[in-house]
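**Student:** Contents of target.txt (compact mmCIF, C-alpha atoms and all ligand atoms) are given next:
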# COMPACT_ATOMS: atom_id res chain seq x y z
CA MET E 1 14.46 8.48 -3.07
CA ASN E 2 12.11 6.34 -5.17
CA LEU E 3 10.64 3.63 -2.96
CA VAL E 4 8.39 0.62 -3.32
CA LEU E 5 6.57 -0.38 -0.12
CA MET E 6 5.52 -4.02 -0.24
CA GLY E 7 3.74 -6.44 2.06
CA PRO E 8 0.49 -8.36 2.29
CA PRO E 9 -2.87 -6.68 2.99
CA GLY E 10 -2.79 -5.26 6.52
CA ALA E 11 1.03 -5.31 6.77
CA GLY E 12 1.13 -1.58 7.51
CA LYS E 13 2.16 -0.12 4.14
CA GLY E 14 -0.27 2.79 4.36
CA THR E 15 0.68 3.48 7.99
CA GLN E 16 4.41 3.61 7.17
CA ALA E 17 3.94 5.56 3.92
CA LYS E 18 2.23 8.32 5.90
CA LYS E 19 5.23 8.51 8.26
CA LEU E 20 7.62 8.78 5.31
CA TYR E 21 5.49 11.60 3.93
CA ALA E 22 5.44 13.42 7.28
CA ASP E 23 9.25 13.29 7.62
CA TYR E 24 10.49 13.50 4.03
CA ARG E 25 7.51 14.82 2.03
CA LEU E 26 7.74 11.75 -0.22
CA PRO E 27 4.28 11.52 -1.82
CA GLN E 28 2.41 8.28 -1.11
CA ILE E 29 1.08 6.77 -4.30
CA SER E 30 -1.46 4.19 -3.17
CA THR E 31 -3.08 2.35 -6.05
CA GLY E 32 -5.71 1.07 -3.59
CA ASP E 33 -6.64 4.68 -2.68
CA ILE E 34 -6.69 5.72 -6.35
CA LEU E 35 -9.04 2.82 -7.14
CA ARG E 36 -11.28 3.49 -4.11
CA GLU E 37 -11.58 7.14 -5.21
CA ALA E 38 -12.55 5.97 -8.72
CA VAL E 39 -15.17 3.64 -7.23
CA ALA E 40 -16.59 6.44 -5.07
CA ALA E 41 -16.71 8.80 -8.06
CA GLY E 42 -18.39 6.14 -10.22
CA THR E 43 -15.90 6.52 -13.10
CA LEU E 44 -15.46 3.84 -15.76
CA LEU E 45 -12.30 2.67 -13.97
CA GLY E 46 -14.24 2.53 -10.71
CA LYS E 47 -17.05 0.51 -12.28
CA LYS E 48 -14.57 -2.04 -13.63
CA ALA E 49 -12.57 -2.19 -10.39
CA LYS E 50 -15.43 -2.39 -7.84
CA PRO E 51 -16.48 -6.06 -8.20
CA LEU E 52 -12.87 -7.22 -8.39
CA MET E 53 -11.85 -5.26 -5.29
CA GLU E 54 -14.85 -6.50 -3.31
CA ALA E 55 -13.93 -10.07 -4.23
CA GLY E 56 -10.34 -9.47 -3.12
CA LYS E 57 -8.95 -9.92 -6.64
CA LEU E 58 -6.44 -7.72 -8.45
CA VAL E 59 -7.61 -5.35 -11.16
CA PRO E 60 -6.02 -6.13 -14.55
CA ASP E 61 -2.47 -4.85 -15.09
CA GLU E 62 -3.49 -2.81 -18.14
CA LEU E 63 -5.95 -0.77 -16.05
CA ILE E 64 -3.48 0.20 -13.36
CA ILE E 65 -0.09 0.56 -15.10
CA GLY E 66 -0.99 3.65 -17.17
CA ILE E 67 -2.47 5.39 -14.13
CA VAL E 68 0.72 4.94 -12.11
CA GLU E 69 2.92 6.03 -15.03
CA GLN E 70 0.93 9.26 -15.36
CA ARG E 71 0.99 9.89 -11.61
CA LEU E 72 4.79 9.52 -11.48
CA GLN E 73 5.15 12.28 -14.06
CA LYS E 74 3.52 14.86 -11.78
CA ALA E 75 5.76 17.53 -10.29
CA ASP E 76 5.44 16.31 -6.68
CA CYS E 77 7.04 12.97 -7.65
CA LEU E 78 10.16 14.41 -9.26
CA GLY E 79 12.04 14.52 -5.94
CA GLY E 80 11.01 10.99 -5.00
CA PHE E 81 7.93 8.95 -4.13
CA VAL E 82 6.62 5.99 -2.15
CA LEU E 83 4.63 3.42 -4.10
CA ASP E 84 2.13 1.70 -1.79
CA GLY E 85 0.47 -1.36 -3.30
CA PHE E 86 2.22 -1.18 -6.66
CA PRO E 87 3.75 -3.18 -8.32
CA ARG E 88 1.68 -6.23 -7.41
CA THR E 89 2.61 -8.47 -10.33
CA ILE E 90 5.80 -9.10 -12.31
CA PRO E 91 4.38 -7.34 -15.43
CA GLN E 92 3.62 -4.30 -13.25
CA ALA E 93 7.21 -4.34 -11.88
CA GLU E 94 8.64 -4.57 -15.40
CA ALA E 95 6.38 -1.79 -16.70
CA LEU E 96 7.42 0.41 -13.78
CA ASP E 97 11.12 -0.12 -14.48
CA GLN E 98 10.62 0.65 -18.16
CA ALA E 99 8.66 3.84 -17.45
CA LEU E 100 11.28 5.07 -14.97
CA GLU E 101 14.13 4.19 -17.33
CA ARG E 102 12.53 6.31 -20.07
CA ALA E 103 12.75 9.23 -17.62
CA SER E 104 16.34 8.31 -16.54
CA ARG E 105 15.08 7.34 -13.10
CA ARG E 106 15.01 4.09 -11.15
CA ILE E 107 13.71 2.41 -8.00
CA ASP E 108 16.19 2.85 -5.11
CA ALA E 109 14.75 0.27 -2.72
CA ALA E 110 11.81 -2.08 -2.24
CA VAL E 111 10.86 -2.40 1.43
CA SER E 112 8.89 -5.53 2.29
CA LEU E 113 6.97 -5.68 5.59
CA GLU E 114 6.67 -9.26 6.91
CA VAL E 115 3.77 -10.09 9.25
CA PRO E 116 2.25 -13.50 10.15
CA ILE E 117 -1.13 -14.27 8.59
CA GLU E 118 -3.17 -14.37 11.86
CA LEU E 119 -2.00 -10.87 12.74
CA LEU E 120 -2.73 -9.62 9.22
CA ILE E 121 -6.33 -10.81 9.46
CA GLU E 122 -6.67 -9.18 12.90
CA ARG E 123 -5.30 -5.91 11.55
CA GLN E 124 -7.62 -6.00 8.55
CA SER E 125 -10.73 -6.80 10.57
CA GLY E 126 -10.05 -4.01 13.09
CA ARG E 127 -9.09 -1.34 10.59
CA ARG E 128 -11.29 1.74 10.33
CA SER E 129 -10.51 4.74 8.16
CA CYS E 130 -11.67 8.28 7.72
CA PRO E 131 -13.41 8.68 4.35
CA SER E 132 -12.65 12.38 4.28
CA CYS E 133 -8.95 12.71 5.32
CA GLY E 134 -7.73 9.10 4.93
CA THR E 135 -6.40 8.70 8.49
CA ILE E 136 -6.11 5.00 9.39
CA TYR E 137 -7.18 3.66 12.80
CA HIS E 138 -7.45 0.25 14.42
CA VAL E 139 -10.14 -0.51 16.98
CA VAL E 140 -7.55 -2.06 19.33
CA TYR E 141 -4.07 -0.89 18.27
CA SER E 142 -4.74 2.73 17.39
CA PRO E 143 -8.31 3.64 18.32
CA PRO E 144 -9.70 7.13 17.79
CA LYS E 145 -10.31 9.24 20.92
CA GLN E 146 -14.07 9.10 20.30
CA GLN E 147 -15.30 5.70 19.16
CA GLY E 148 -16.19 5.63 15.45
CA GLN E 149 -15.14 9.25 14.85
CA CYS E 150 -12.04 10.71 13.18
CA ASP E 151 -9.78 12.64 15.60
CA LYS E 152 -8.83 15.11 12.88
CA ASP E 153 -12.16 16.11 11.32
CA GLY E 154 -14.88 14.31 13.27
CA ALA E 155 -16.09 12.32 10.22
CA PRO E 156 -17.70 8.93 10.95
CA LEU E 157 -15.12 6.17 10.41
CA VAL E 158 -15.82 3.40 7.91
CA GLN E 159 -14.78 -0.23 7.48
CA ARG E 160 -13.56 -1.16 4.01
CA GLU E 161 -15.79 -3.65 2.23
CA ASP E 162 -12.74 -5.77 1.36
CA ASP E 163 -11.70 -5.98 5.04
CA LYS E 164 -14.73 -8.15 5.82
CA PRO E 165 -13.72 -11.78 6.50
CA LYS E 166 -14.36 -13.39 3.10
CA SER E 167 -12.50 -10.89 0.94
CA ALA E 168 -9.81 -10.33 3.60
CA ARG E 169 -8.86 -14.04 3.31
CA ALA E 170 -9.11 -13.94 -0.48
CA ARG E 171 -6.73 -10.96 -0.60
CA GLN E 172 -4.15 -12.85 1.46
CA GLU E 173 -4.31 -15.75 -1.01
CA VAL E 174 -4.01 -13.42 -3.99
CA TYR E 175 -0.98 -11.80 -2.36
CA ALA E 176 0.76 -15.14 -1.80
CA LYS E 177 0.12 -16.26 -5.37
CA GLN E 178 0.51 -13.10 -7.45
CA THR E 179 2.40 -10.49 -5.44
CA ALA E 180 4.91 -12.36 -3.24
CA PRO E 181 6.95 -13.33 -6.37
CA VAL E 182 7.63 -9.61 -6.92
CA LYS E 183 9.95 -9.74 -3.88
CA ALA E 184 12.31 -12.07 -5.79
CA TYR E 185 12.24 -9.59 -8.69
CA TYR E 186 13.70 -6.89 -6.43
CA GLU E 187 15.96 -9.27 -4.55
CA LYS E 188 17.70 -10.25 -7.80
CA ARG E 189 18.41 -6.55 -8.38
CA GLY E 190 19.80 -6.09 -4.85
CA LEU E 191 17.00 -3.69 -3.92
CA LEU E 192 14.93 -5.74 -1.45
CA ARG E 193 14.93 -4.65 2.22
CA THR E 194 12.98 -7.07 4.41
CA ILE E 195 11.56 -5.62 7.63
CA ASP E 196 9.85 -7.38 10.54
CA GLY E 197 6.39 -5.79 10.49
CA VAL E 198 5.42 -6.95 14.00
CA GLY E 199 5.69 -4.39 16.78
CA SER E 200 4.79 -0.76 17.22
CA PRO E 201 4.49 1.36 14.06
CA GLU E 202 7.24 3.59 15.49
CA ARG E 203 9.72 0.72 15.91
CA ILE E 204 8.97 -0.56 12.42
CA TYR E 205 9.42 2.93 11.03
CA SER E 206 12.85 3.30 12.65
CA GLU E 207 13.89 -0.05 11.13
CA ILE E 208 12.79 1.15 7.73
CA ARG E 209 14.84 4.30 8.13
CA LEU E 210 17.87 2.26 9.20
CA ALA E 211 17.46 -0.08 6.22
CA LEU E 212 17.35 2.95 3.92
CA GLY E 213 20.43 4.46 5.50
CA LYS E 214 18.56 7.48 6.90
P1 LIG O 1 -4.81 -1.73 -1.21
O1 LIG O 1 -5.62 -0.58 -0.75
O2 LIG O 1 -3.45 -1.51 -1.73
O3 LIG O 1 -4.82 -2.79 -0.04
P2 LIG O 1 -3.70 -3.79 0.46
O4 LIG O 1 -2.43 -3.94 -0.23
O5 LIG O 1 -4.49 -5.03 0.55
O6 LIG O 1 -3.19 -3.14 1.74
P3 LIG O 1 -4.03 -2.64 2.90
O7 LIG O 1 -4.50 -1.25 2.63
O8 LIG O 1 -5.08 -3.66 3.28
O9 LIG O 1 -3.03 -2.70 4.11
P4 LIG O 1 -1.75 -1.85 4.49
O10 LIG O 1 -0.55 -2.70 4.33
O11 LIG O 1 -1.73 -0.51 3.83
O12 LIG O 1 -2.01 -1.70 6.04
P5 LIG O 1 -2.46 -0.43 6.92
O13 LIG O 1 -1.33 0.52 7.11
O14 LIG O 1 -3.76 0.14 6.45
O15 LIG O 1 -5.60 -2.54 -2.36
C1 LIG O 1 -6.97 -2.80 -2.28
C2 LIG O 1 -7.43 -3.49 -3.56
O16 LIG O 1 -7.22 -2.63 -4.70
C3 LIG O 1 -6.69 -4.78 -3.95
O17 LIG O 1 -7.22 -5.92 -3.29
C4 LIG O 1 -6.92 -4.82 -5.47
O18 LIG O 1 -8.22 -5.27 -5.78
C5 LIG O 1 -6.81 -3.36 -5.85
N1 LIG O 1 -5.44 -2.95 -6.21
C6 LIG O 1 -4.67 -2.04 -5.55
N2 LIG O 1 -3.48 -1.91 -6.14
C7 LIG O 1 -3.47 -2.75 -7.20
C8 LIG O 1 -2.50 -3.09 -8.18
N3 LIG O 1 -1.28 -2.52 -8.17
N4 LIG O 1 -2.82 -4.03 -9.12
C9 LIG O 1 -4.02 -4.61 -9.13
N5 LIG O 1 -5.00 -4.34 -8.22
C10 LIG O 1 -4.72 -3.41 -7.26
O19 LIG O 1 -2.69 -1.18 8.33
C11 LIG O 1 -3.73 -2.11 8.49
C12 LIG O 1 -4.33 -1.98 9.92
O20 LIG O 1 -3.34 -2.38 10.86
C13 LIG O 1 -4.74 -0.56 10.30
O21 LIG O 1 -5.88 -0.61 11.12
C14 LIG O 1 -3.54 -0.01 11.10
O22 LIG O 1 -3.93 0.94 12.05
C15 LIG O 1 -3.03 -1.29 11.75
N6 LIG O 1 -1.56 -1.31 11.90
C16 LIG O 1 -0.63 -0.91 11.00
N7 LIG O 1 0.61 -1.09 11.48
C17 LIG O 1 0.45 -1.64 12.73
C18 LIG O 1 1.35 -2.07 13.73
N8 LIG O 1 2.67 -1.99 13.56
N9 LIG O 1 0.84 -2.60 14.87
C19 LIG O 1 -0.50 -2.70 15.06
N10 LIG O 1 -1.41 -2.30 14.14
C20 LIG O 1 -0.94 -1.79 12.99
As structure tokens, how would this structure be written, given the file I've shared?
**Tutor:**
Amino acid sequence: MNLVLMGPPGAGKGTQAKKLYADYRLPQISTGDILREAVAAGTLLGKKAKPLMEAGKLVPDELIIGIVEQRLQKADCLGGFVLDGFPRTIPQAEALDQALERASRRIDAAVSLEVPIELLIERQSGRRSCPSCGTIYHVVYSPPKQQGQCDKDGAPLVQREDDKPKSARARQEVYAKQTAPVKAYYEKRGLLRTIDGVGSPERIYSEIRLALGK
């Protein structure tokens, strides 16, 4: 199954993608994670992306499309994948379809998580993540056993720079303007599955599975 996981910042895409990986071994391709790794490694891509990400803006399509195309060609994606945070613009959605078509593949469903804005901001501001294993926590909704420390490897948890109030708001605006129209792109093709993203991660996950016919 080739899936697109959509939704505004803080909707729970990363949380749900990890559940899909745990159950179905569908690799999570998170363009946000790829970009954050490039920033941490100080690569050319990272240097270009850093100021845009911190301001809550999208990186240009031409920087991200090629990276996703190459990633999808890797062996672990041949049995299916979950795209988390891509496509975020109509040109990205079109480029994805073209790349998959060249390989006689296609997107099977685009799952969109819907969450009200106040809750999104609360989720963003309380998010903490482990810089070493990527586990996502929330200070209220899913706190670690030991405050500020990853349950899995003990690493000190960090807050993403773009989760701080100014860029968190900016990201919501960018989503509404540039990414929300991608839902109509998939709706026209009969692929959009809209899911209520409010409630426990487990309930949301079971709705996703139902919507996918699993
Ligand atoms: P990216 O990393 O993709 O960020 P995002 O889309 O803004 O999504 P988030 O990671 O903020 O949220 P999420 O939906 O994954 O929520 P999560 O599961 O963590 O992108 C970052 C930046 O990179 C972009 O701004 C842009 O600059 C750039 N970029 C990336 N892709 C790009 C592209 N394709 N084109 C151009 N630029 C690109 O959950 C959030 C919090 O809520 C967590 O604390 C979690 O524990 C909690 N939570 C989750 N579910 C629940 C629940 N059901 N109940 C209670 N709490 C919950």
**Student:** Mind running chain E against ligand LIG 1 (chain O) at 6 Å and telling me each contacting residue's nearest atom pair with the distance in Å (one decimal), counting only C-alpha atoms and all ligand atoms, chain and number ascending, as a Markdown table?
**Tutor:**
| residue | atom | partner | partner_atom | distance |
| --- | --- | --- | --- | --- |
| E:Pro8 | CA | O:LIG1 | O4 | 5.9 |
| E:Pro9 | CA | O:LIG1 | O5 | 3.4 |
| E:Gly10 | CA | O:LIG1 | O9 | 3.5 |
| E:Ala11 | CA | O:LIG1 | O10 | 3.9 |
| E:Gly12 | CA | O:LIG1 | O13 | 3.3 |
| E:Lys13 | CA | O:LIG1 | O10 | 3.7 |
| E:Gly14 | CA | O:LIG1 | O11 | 3.6 |
| E:Thr15 | CA | O:LIG1 | O13 | 3.7 |
| E:Thr31 | CA | O:LIG1 | N2 | 4.3 |
| E:Gly32 | CA | O:LIG1 | O1 | 3.3 |
| E:Asp33 | CA | O:LIG1 | O1 | 5.7 |
| E:Leu52 | CA | O:LIG1 | O18 | 5.7 |
| E:Met53 | CA | O:LIG1 | O18 | 3.7 |
| E:Gly56 | CA | O:LIG1 | O17 | 4.7 |
| E:Lys57 | CA | O:LIG1 | O18 | 4.8 |
| E:Leu58 | CA | O:LIG1 | N5 | 3.7 |
| E:Val59 | CA | O:LIG1 | N5 | 4.1 |
| E:Pro60 | CA | O:LIG1 | C9 | 6.0 |
| E:Gly85 | CA | O:LIG1 | O2 | 4.2 |
| E:Phe86 | CA | O:LIG1 | N3 | 4.0 |
| E:Pro87 | CA | O:LIG1 | N3 | 5.1 |
| E:Arg88 | CA | O:LIG1 | N3 | 4.8 |
| E:Arg123 | CA | O:LIG1 | O20 | 4.1 |
| E:Gln124 | CA | O:LIG1 | C12 | 5.4 |
| E:Gly126 | CA | O:LIG1 | O21 | 5.7 |
| E:Arg127 | CA | O:LIG1 | O21 | 3.3 |
| E:Arg128 | CA | O:LIG1 | O21 | 6.0 |
| E:Ile136 | CA | O:LIG1 | O22 | 5.3 |
| E:Tyr137 | CA | O:LIG1 | O22 | 4.3 |
| E:His138 | CA | O:LIG1 | O21 | 3.8 |
| E:Tyr141 | CA | O:LIG1 | N10 | 5.1 |
| E:Ser142 | CA | O:LIG1 | O22 | 5.7 |
| E:Arg171 | CA | O:LIG1 | O17 | 5.7 |
| E:Val198 | CA | O:LIG1 | N8 | 5.7 |
| E:Gly199 | CA | O:LIG1 | N8 | 5.0 |
| E:Ser200 | CA | O:LIG1 | N8 | 4.4 |
| E:Pro201 | CA | O:LIG1 | N8 | 3.8 |
**Student:** Between E:Cys130, E:Ile204, E:Val182, E:Leu191, which has the minimum distance to Ile90 in chain E (counting all atoms listed in the file)?
**Tutor:** E:Val182
**Student:** Quick check, in Å to one decimal: how far apart do CA of Ile64 in chain E and CA of Ala155 in chain E lie?
**Tutor:**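 Atom-to-atom, CA of Ile64 in chain E and CA of Ala155 in chain E are spaced 29.4 Å apart.
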**Student:** Find the residues around Ile195 in chain E up to 8 Å (all atoms listed in the file counted), leave out those fewer than 6 positions away in its own chain, and share them as number ranges by chain.
**Tutor:** E: 111-114, 204, 207-208
**Student:** Would you list the residues near (19.9, 1.3, 6.5), meaning any protein, DNA or RNA residue with an atom at most 12 Å from that point in file coordinates, counting all atoms listed in the file, as a list of chain:residue names?
**Tutor:** E:Ala109, E:Val111, E:Leu191, E:Leu192, E:Arg193, E:Thr194, E:Ile195, E:Tyr205, E:Ser206, E:Glu207, E:Ile208, E:Arg209, E:Leu210, E:Ala211, E:Leu212, E:Gly213, E:Lys214
**Student:** Could you save the residues just selected, with C-alpha atoms, as a CSV table (one decimal), keeping the file's coordinate frame?
**Tutor:**
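Okay, selection-v9.csv is ready:
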chain,number,residue,atom,x,y,z
E,109,ALA,CA,14.8,0.3,-2.7
E,111,VAL,CA,10.9,-2.4,1.4
E,191,LEU,CA,17.0,-3.7,-3.9
E,192,LEU,CA,14.9,-5.7,-1.4
E,193,ARG,CA,14.9,-4.6,2.2
E,194,THR,CA,13.0,-7.1,4.4
E,195,ILE,CA,11.6,-5.6,7.6
E,205,TYR,CA,9.4,2.9,11.0
E,206,SER,CA,12.8,3.3,12.6
E,207,GLU,CA,13.9,0.0,11.1
E,208,ILE,CA,12.8,1.2,7.7
E,209,ARG,CA,14.8,4.3,8.1
E,210,LEU,CA,17.9,2.3,9.2
E,211,ALA,CA,17.5,-0.1,6.2
E,212,LEU,CA,17.4,3.0,3.9
E,213,GLY,CA,20.4,4.5,5.5
E,214,LYS,CA,18.6,7.5,6.9
**Student:** If we count all atoms listed in the file and set the cut-off at 10 Å, which residues sit around Thr89 in chain E, ignoring sequence neighbours fewer than 2 positions away in its own chain? Please answer as a ChimeraX atom specification.
**Tutor:** /E:58,60-61,86-87,91-95,175,177-183,185
**Student:** What separation in Å, quoted to one decimal, exists between CA of Arg169 in chain E and CA of Ile121 in chain E?
**Tutor:**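 Taking CA of Arg169 in chain E as the start and CA of Ile121 in chain E as the end point, the length is 7.4 Å.
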**Student:** Using CA of Gly7 in chain E and CA of Leu83 in chain E as the two end points, give the distance in Å to one decimal.
**Tutor:**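 CA of Leu83 in chain E lies at a distance of 11.7 Å from CA of Gly7 in chain E.
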**Student:** Tell me which of E:Asp163, E:Lys47, E:Cys133, E:Arg105 sits closest to Gln149 in chain E, counting all atoms listed in the file.
**Tutor:**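 Closest candidate: E:Cys133.
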**Student:** Between E:Val115, E:Ile29, E:Asp97, E:Gly42, which residue has the minimum interatomic distance to Lys74 in chain E, considering all atoms listed in the file?
**Tutor:** E:Ile29
**Student:** Restricting the calculation to all atoms listed in the file: of E:Lys50, E:Ala176, E:Lys145, E:Arg102, which residue gets closest to Asp162 in chain E?
**Tutor:**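 Distance minimum relative to Asp162 in chain E lands on E:Lys50.
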